[in-house]
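Undergrad: Questions regarding the structure given below will be posed in turn.
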Amino acid sequence: MPGVPSSRGCDACRRQKKKCDQIKPACTRCARLQIPCVGSGQRRFKFKEGYSKGQDVIVFSNTARIPSNETTDITRSFIEVLQVTDVRYDVTWYGPFLETLPRRIGASPALDAAIGALSSAVKAVRTRQNSSDAISKYVKGWQALRTCLSDPMQTQSINTVCAIYIMMITQSWVGRPDDHFANHGQVLTQILNAAVTQAGRGQFEDTMIITLSMPVILQSIVDPTVQLGSWFWTIAKNYEQPKPVLNNQGGKIPSLQVHVMISIAQWIRSPALYLVDILTAYEQLVIDCRTMRSVLDKIAEFEAAGVPQPSTRLHTKPQAAYSALLSLALVLNLMLRIFSPESLDLADEAGDLVTECIWLSELASRHRPFGVTFMPVCLAVAWVACENIAVRQQVQDILVGYEVDFPAVKWVRTCWWMQGRYDEIRRSSLEILLSPSPPC
């Protein structure tokens with residue numbers, strides 16, 4: 001079966017049998033239809049049945065068949081997913097430990113089913129179609145996980161913990177908003193409570209725990225109602241320092257150091273007791289936001305000068321860092337405004353931070369859907385912090401766009417829910433301040 005060169009057009013044009021002009025980053029047809037332009041310029045081969053002539057017969061060549069079973073099929077499909085270098089569909093945004101999962105396939109039915117569901121879901125997202133195969137494997141993944149969780153021996157396994165996390169990712173792509181484990185923050189807390197018992201057992205376990213804990217710590221700051229379970233205190237002890245050092249250490253952004261984020265997560269649960277610490281951390285966050293904005297401006301200058309900037313995770317990491325800084329700054333700004341509602345400076349700074357969130361969302365939009373997983377939380381906090389009705393509506397419109405990418409996640413609904421939580425914090429904090437002092 002000799003290989004014959006095939007079209008170099010993008011996948012969308014090839015499916016519709018249209019001529020593709022292969023313009024980068026998106027061909028004319030994909031840009032007009034506002035759909036992902038994937039595969040443009042790639043060399044492909046079609047395989048045609050070959051033959052050789054004998055004296056009296058024509059003998060057709062046969063393709064060698066590779067033995068296959070469910071395990072090899074899952075492995076092959078997942079490796080294909082991991083080989084995608086386009087940041088828009090790079091699943092390692094959800095954790096670098098995913099790259100090591102192929103070697104664990106076959107060790108756990110629940111993990112195997114979860115990986116199969118994720119691989120099929122990625123293909124569904126790329127084609128923007130909820131294929132029957134993706135939905136079928138998604139259901140199968142939950143069934144396998146429920147069976148696994150009924151066995152006490154498997155419940156604490158790191159493979160089971162990993163399977164739950166993968167199914168949560170898949171749920172946001174092909175599931176429904178009312179599906180099981182829809183509240184990711186609380187579920188990740190439960191996962192980490194189980195995972196910390198695996199700490200110190202190996203590099204995979206430790207990498208996975210750190211990978212999962214960072215977004216949960218950030219979410220616990222954005223949403224103070226997230227319960228900080230035993231996992232949090234275990235990690236806090238590992239990173240414990242006498243007092244957060246808010247200065248540059250080895251070129252790192254001070255506010256994104258683990259021990260600083262852990263401290264902020266504790267402070268905002270009793271803000272009245274830590275106002276000085278919160279103010280100090282906020283002032284450093286404002287400085288760090290300016291630093292990261294200058295980094296992004298420098299990248300933009302390179303692009304304007306014609307210096308090629310590859311669409312890789314390395315290119316988008318500064319955007320993710322800036323998103324986290326803006327989220328943290330807005331949360332602490334909200335806390336400080338509870339106790340200083342008359343402060344015009346804090347109100348003005350909140351407006352500037354919200355404007356930066358909108359700017360960042362526009363800059364990062366070309367990396368949708370996977371390459372902007374950091375953006376919705378930042379926008380949700382901006383929505384809550386914004387006092388300008390027109391700007392808040394602008395933020396909401398952007399979030400509606402993210403709901404198109406992942407229909408199972410209702411970000412606008414989350415905004416209203418977060419608004420209610422911060423109102424509760426405001427009421428309880430003011431009650432503490434206004435309550436009469438106990439008699440001596």
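By order of appearance in the structure tokens: chains A, B, ..., then residues from 1 within every chain, and ligands from 1 in the order shown.
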Excluding A:Cys162 and its own-chain neighbours fewer than 5 positions away, which residues fall within 10 Å of it when counting only C-alpha atoms? Please give them as a list in words.

TA: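 With the cut-off at 10 Å, the set is Phe97, Leu98, Leu101, Ala110, Leu111, Ala114, Ile115, Ser157, Met167, Met168, Ile191, Ala195, Glu205, Met208, Ile209 and Leu212 of chain A.
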
Undergrad: List every residue of stretch 70-163 of chain A that DSSP, applied to the backbone of this structure, places in helix (DSSP H, G or I), and write the result as a PyMOL selection string.

TA: chain A and resi 70-82+87-89+91-94+96-104+109-127+132-149+152-155+158-163

Undergrad: Applying 9 Å and only C-alpha atoms, which residues near A:Cys289 remain after dropping the ones on its own chain fewer than 3 positions away? List them as a ChimeraX atom specification.

TA: /A:284-286,292-294,322,325-326,329,353

Undergrad: Excluding same-chain residues fewer than 6 positions from stretch 385-402 of chain A, what lies within 10 Å of it counting only C-alpha atoms, as a CSV table (one decimal) with all heavy atoms, in the first residue's frame?

TA:
```csv
chain,number,residue,atom,x,y,z
A,330,LEU,N,-7.5,41.4,42.9
A,330,LEU,CA,-8.9,41.8,43.0
A,330,LEU,C,-9.5,41.3,44.2
A,330,LEU,O,-10.4,42.0,44.9
A,330,LEU,CB,-9.6,41.3,41.7
A,330,LEU,CG,-9.5,42.2,40.5
A,330,LEU,CD1,-9.9,41.4,39.2
A,330,LEU,CD2,-10.2,43.5,40.6
A,331,VAL,N,-9.2,40.1,44.6
A,331,VAL,CA,-9.8,39.5,45.9
A,331,VAL,C,-9.3,40.4,47.1
A,331,VAL,O,-10.2,40.7,47.9
A,331,VAL,CB,-9.4,38.1,46.1
A,331,VAL,CG1,-9.7,37.6,47.5
A,331,VAL,CG2,-10.0,37.2,45.0
A,333,ASN,N,-8.3,43.4,47.1
A,333,ASN,CA,-8.9,44.7,46.9
A,333,ASN,C,-10.3,44.7,47.5
A,333,ASN,O,-10.8,45.6,48.2
A,333,ASN,CB,-8.9,45.2,45.5
A,333,ASN,CG,-9.5,46.5,45.2
A,333,ASN,OD1,-10.7,46.7,45.2
A,333,ASN,ND2,-8.7,47.5,45.0
A,334,LEU,N,-11.1,43.7,47.2
A,334,LEU,CA,-12.4,43.5,47.7
A,334,LEU,C,-12.4,43.5,49.2
A,334,LEU,O,-13.3,44.1,49.9
A,334,LEU,CB,-13.1,42.2,47.1
A,334,LEU,CG,-13.7,42.3,45.8
A,334,LEU,CD1,-14.0,40.9,45.2
A,334,LEU,CD2,-15.0,43.1,45.8
A,337,ARG,N,-11.7,46.9,50.7
A,337,ARG,CA,-12.8,47.8,50.5
A,337,ARG,C,-14.0,47.5,51.5
A,337,ARG,O,-14.8,48.4,51.7
A,337,ARG,CB,-13.3,47.8,49.0
A,337,ARG,CG,-12.4,48.5,48.1
A,337,ARG,CD,-12.5,48.1,46.7
A,337,ARG,NE,-13.9,48.2,46.1
A,337,ARG,CZ,-14.3,47.6,45.0
A,337,ARG,NH1,-13.5,46.8,44.3
A,337,ARG,NH2,-15.5,47.8,44.6
A,347,ALA,N,-11.1,51.9,45.0
A,347,ALA,CA,-12.1,51.8,43.9
A,347,ALA,C,-11.5,52.0,42.5
A,347,ALA,O,-11.8,51.3,41.6
A,347,ALA,CB,-13.2,52.8,44.2
A,350,ALA,N,-9.4,49.0,41.6
A,350,ALA,CA,-10.2,47.9,41.2
A,350,ALA,C,-10.6,48.1,39.8
A,350,ALA,O,-10.6,47.1,39.0
A,350,ALA,CB,-11.4,47.8,42.1
A,351,GLY,N,-11.0,49.3,39.4
A,351,GLY,CA,-11.4,49.6,38.0
A,351,GLY,C,-10.3,49.3,37.0
A,351,GLY,O,-10.5,48.7,35.9
A,352,ASP,N,-9.0,49.7,37.4
A,352,ASP,CA,-7.9,49.4,36.5
A,352,ASP,C,-7.6,47.9,36.4
A,352,ASP,O,-7.3,47.5,35.3
A,352,ASP,CB,-6.6,50.1,37.1
A,352,ASP,CG,-6.7,51.7,37.1
A,352,ASP,OD1,-7.6,52.2,36.3
A,352,ASP,OD2,-6.0,52.3,37.8
A,353,LEU,N,-7.7,47.2,37.5
A,353,LEU,CA,-7.5,45.8,37.5
A,353,LEU,C,-8.5,45.0,36.6
A,353,LEU,O,-8.2,44.1,35.9
A,353,LEU,CB,-7.5,45.2,38.9
A,353,LEU,CG,-6.4,45.6,39.8
A,353,LEU,CD1,-6.7,45.2,41.3
A,353,LEU,CD2,-5.0,45.0,39.4
A,354,VAL,N,-9.8,45.5,36.7
A,354,VAL,CA,-10.8,44.9,35.8
A,354,VAL,C,-10.5,45.2,34.4
A,354,VAL,O,-10.7,44.3,33.5
A,354,VAL,CB,-12.2,45.4,36.2
A,354,VAL,CG1,-13.3,45.0,35.2
A,354,VAL,CG2,-12.6,45.0,37.6
A,355,THR,N,-10.1,46.4,34.1
A,355,THR,CA,-9.7,46.7,32.7
A,355,THR,C,-8.6,45.8,32.2
A,355,THR,O,-8.6,45.4,31.0
A,355,THR,CB,-9.3,48.2,32.6
A,355,THR,OG1,-10.4,49.0,33.0
A,355,THR,CG2,-8.9,48.6,31.2
A,357,CYS,N,-8.0,42.8,33.2
A,357,CYS,CA,-8.6,41.4,33.0
A,357,CYS,C,-9.2,41.4,31.6
A,357,CYS,O,-9.0,40.4,30.9
A,357,CYS,CB,-9.6,41.1,34.0
A,357,CYS,SG,-9.0,40.8,35.7
A,358,ILE,N,-9.9,42.4,31.2
A,358,ILE,CA,-10.5,42.4,29.9
A,358,ILE,C,-9.5,42.4,28.8
A,358,ILE,O,-9.6,41.7,27.8
A,358,ILE,CB,-11.5,43.7,29.7
A,358,ILE,CG1,-12.6,43.5,30.7
A,358,ILE,CG2,-12.0,43.8,28.3
A,358,ILE,CD1,-13.5,44.8,30.8
A,361,SER,N,-7.9,39.0,28.5
A,361,SER,CA,-8.8,38.0,27.8
A,361,SER,C,-8.8,38.2,26.3
A,361,SER,O,-8.9,37.2,25.6
A,361,SER,CB,-10.3,38.2,28.4
A,361,SER,OG,-10.8,39.4,27.9
A,362,GLU,N,-8.7,39.4,25.9
A,362,GLU,CA,-8.6,39.6,24.4
A,362,GLU,C,-7.3,39.1,23.9
A,362,GLU,O,-7.2,38.5,22.8
A,362,GLU,CB,-8.8,41.1,24.1
A,362,GLU,CG,-10.2,41.6,24.5
A,362,GLU,CD,-10.3,43.1,24.4
A,362,GLU,OE1,-9.2,43.8,24.3
A,362,GLU,OE2,-11.4,43.7,24.4
A,365,SER,N,-7.3,35.2,23.8
A,365,SER,CA,-8.4,34.5,23.1
A,365,SER,C,-8.0,33.7,22.0
A,365,SER,O,-8.6,32.7,21.6
A,365,SER,CB,-9.4,35.6,22.6
A,365,SER,OG,-8.8,36.4,21.7
A,368,ARG,N,-7.7,29.8,22.7
A,368,ARG,CA,-8.8,29.1,23.2
A,368,ARG,C,-8.9,27.8,22.3
A,368,ARG,O,-8.5,27.7,21.2
A,368,ARG,CB,-10.1,29.9,23.0
A,368,ARG,CG,-10.2,31.1,23.9
A,368,ARG,CD,-11.4,32.0,23.6
A,368,ARG,NE,-12.7,31.3,23.6
A,368,ARG,CZ,-13.8,31.9,23.4
A,368,ARG,NH1,-13.8,33.2,23.1
A,368,ARG,NH2,-15.0,31.3,23.4
A,369,PRO,N,-9.4,26.7,23.0
A,369,PRO,CA,-10.0,26.6,24.3
A,369,PRO,C,-9.1,26.2,25.4
A,369,PRO,O,-9.2,26.8,26.5
A,369,PRO,CB,-11.1,25.6,24.2
A,369,PRO,CG,-10.6,24.6,23.1
A,369,PRO,CD,-9.8,25.5,22.2
A,372,VAL,N,-6.4,28.8,27.4
A,372,VAL,CA,-6.9,29.9,28.3
A,372,VAL,C,-7.7,29.4,29.5
A,372,VAL,O,-8.6,30.1,30.0
A,372,VAL,CB,-7.8,30.9,27.4
A,372,VAL,CG1,-6.9,31.6,26.4
A,372,VAL,CG2,-8.9,30.1,26.7
A,373,THR,N,-7.3,28.2,30.0
A,373,THR,CA,-8.1,27.7,31.1
A,373,THR,C,-7.9,28.6,32.3
A,373,THR,O,-8.8,28.5,33.3
A,373,THR,CB,-7.5,26.3,31.5
A,373,THR,OG1,-6.1,26.4,31.7
A,373,THR,CG2,-7.8,25.3,30.3
A,375,MET,N,-8.3,31.8,32.4
A,375,MET,CA,-9.0,33.1,32.2
A,375,MET,C,-10.4,33.2,32.8
A,375,MET,O,-10.7,34.3,33.4
A,375,MET,CB,-9.1,33.4,30.7
A,375,MET,CG,-9.0,34.8,30.2
A,375,MET,SD,-7.6,35.8,30.9
A,375,MET,CE,-8.6,37.0,31.8
A,376,PRO,N,-11.2,32.2,32.8
A,376,PRO,CA,-12.6,32.4,33.3
A,376,PRO,C,-12.6,32.8,34.8
A,376,PRO,O,-13.4,33.6,35.2
A,376,PRO,CB,-13.3,31.1,33.1
A,376,PRO,CG,-12.5,30.5,31.9
A,376,PRO,CD,-11.1,31.0,32.0
A,377,VAL,N,-11.8,32.2,35.6
A,377,VAL,CA,-11.8,32.5,37.1
A,377,VAL,C,-11.4,34.0,37.3
A,377,VAL,O,-12.1,34.7,38.1
A,377,VAL,CB,-10.8,31.6,37.8
A,377,VAL,CG1,-10.7,32.1,39.3
A,377,VAL,CG2,-11.3,30.2,37.9
A,379,LEU,N,-11.9,36.4,35.2
A,379,LEU,CA,-13.0,37.3,34.7
A,379,LEU,C,-14.2,37.2,35.7
A,379,LEU,O,-14.8,38.2,35.9
A,379,LEU,CB,-13.5,36.8,33.3
A,379,LEU,CG,-12.5,37.1,32.2
A,379,LEU,CD1,-12.9,36.3,30.9
A,379,LEU,CD2,-12.5,38.6,31.9
A,409,VAL,N,-19.9,24.2,31.9
A,409,VAL,CA,-19.5,25.2,33.0
A,409,VAL,C,-20.2,26.5,32.8
A,409,VAL,O,-20.0,27.1,31.8
A,409,VAL,CB,-17.9,25.4,33.0
A,409,VAL,CG1,-17.5,26.3,34.1
A,409,VAL,CG2,-17.2,24.1,33.0
A,410,LYS,N,-21.1,26.8,33.7
A,410,LYS,CA,-21.9,28.0,33.6
A,410,LYS,C,-21.2,29.2,34.4
A,410,LYS,O,-21.4,29.3,35.6
A,410,LYS,CB,-23.3,27.8,34.2
A,410,LYS,CG,-24.0,26.7,33.4
A,410,LYS,CD,-24.2,27.1,31.9
A,410,LYS,CE,-24.9,26.0,31.1
A,410,LYS,NZ,-24.9,26.4,29.6
A,411,TRP,N,-20.3,29.9,33.8
A,411,TRP,CA,-19.5,30.9,34.4
A,411,TRP,C,-20.4,32.1,34.9
A,411,TRP,O,-20.1,32.7,36.0
A,411,TRP,CB,-18.4,31.4,33.5
A,411,TRP,CG,-17.3,30.4,33.4
A,411,TRP,CD1,-17.0,29.6,32.3
A,411,TRP,CD2,-16.4,30.0,34.5
A,411,TRP,NE1,-16.0,28.8,32.6
A,411,TRP,CE2,-15.6,29.0,33.9
A,411,TRP,CE3,-16.2,30.4,35.8
A,411,TRP,CZ2,-14.6,28.4,34.7
A,411,TRP,CZ3,-15.2,29.8,36.5
A,411,TRP,CH2,-14.4,28.8,36.0
A,412,VAL,N,-21.4,32.5,34.2
A,412,VAL,CA,-22.2,33.6,34.6
A,412,VAL,C,-23.0,33.3,35.9
A,412,VAL,O,-23.1,34.1,36.8
A,412,VAL,CB,-23.2,34.1,33.5
A,412,VAL,CG1,-24.1,35.2,34.0
A,412,VAL,CG2,-22.4,34.5,32.2
A,415,CYS,N,-20.7,33.7,38.7
A,415,CYS,CA,-20.5,35.1,39.1
A,415,CYS,C,-21.5,35.5,40.2
A,415,CYS,O,-21.1,36.1,41.2
A,415,CYS,CB,-20.5,36.0,37.9
A,415,CYS,SG,-19.2,35.9,36.8
A,419,GLN,N,-20.9,36.5,44.1
A,419,GLN,CA,-21.3,37.7,44.6
A,419,GLN,C,-22.0,37.5,45.9
A,419,GLN,O,-21.8,38.3,46.9
A,419,GLN,CB,-22.3,38.4,43.6
A,419,GLN,CG,-22.9,39.7,44.1
A,419,GLN,CD,-21.9,40.8,44.0
A,419,GLN,OE1,-21.6,41.3,42.9
A,419,GLN,NE2,-21.5,41.4,45.1
A,422,TYR,N,-19.4,36.8,48.7
A,422,TYR,CA,-18.7,38.0,49.2
A,422,TYR,C,-19.6,38.9,50.0
A,422,TYR,O,-19.2,39.6,50.9
A,422,TYR,CB,-18.0,38.7,48.0
A,422,TYR,CG,-16.7,38.1,47.6
A,422,TYR,CD1,-16.7,37.3,46.5
A,422,TYR,CD2,-15.6,38.3,48.4
A,422,TYR,CE1,-15.5,36.7,46.1
A,422,TYR,CE2,-14.4,37.7,48.0
A,422,TYR,CZ,-14.3,36.9,46.9
A,422,TYR,OH,-13.1,36.3,46.5
```

Undergrad: Extract, using only C-alpha atoms, all DNA, RNA and protein residues at most 12 Å from A:Val276, discarding same-chain residues fewer than 5 positions from it, and format them as a PyMOL selection string.

TA: chain A and resi 264+267-268+271+281-283+332+335-336+339

Undergrad: Using the selection just defined, write its residues with C-alpha atoms as a PDB file, in the first residue's frame.

TA:
```
ATOM      1  CA  ILE A 264      -3.361  34.743  51.805  1.00  0.00           C
ATOM      2  CA  TRP A 267      -5.864  35.641  56.027  1.00  0.00           C
ATOM      3  CA  ILE A 268      -9.036  36.154  54.003  1.00  0.00           C
ATOM      4  CA  PRO A 271      -9.808  39.395  57.287  1.00  0.00           C
ATOM      5  CA  ALA A 281       0.325  41.575  50.252  1.00  0.00           C
ATOM      6  CA  TYR A 282      -1.996  43.717  48.132  1.00  0.00           C
ATOM      7  CA  GLU A 283       0.623  46.432  47.638  1.00  0.00           C
ATOM      8  CA  LEU A 332      -7.577  41.475  48.332  1.00  0.00           C
ATOM      9  CA  MET A 335     -11.403  42.599  51.238  1.00  0.00           C
ATOM     10  CA  LEU A 336      -9.818  45.985  51.882  1.00  0.00           C
ATOM     11  CA  PHE A 339     -13.210  47.817  55.776  1.00  0.00           C
TER      12      PHE A 339
END
```

Undergrad: Report, in Å to a single decimal, how far apart atom CA of A:Gly420 and atom CA of A:Ser220 are.

TA: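 Rounded to one decimal, the two atoms are 15.5 Å apart.
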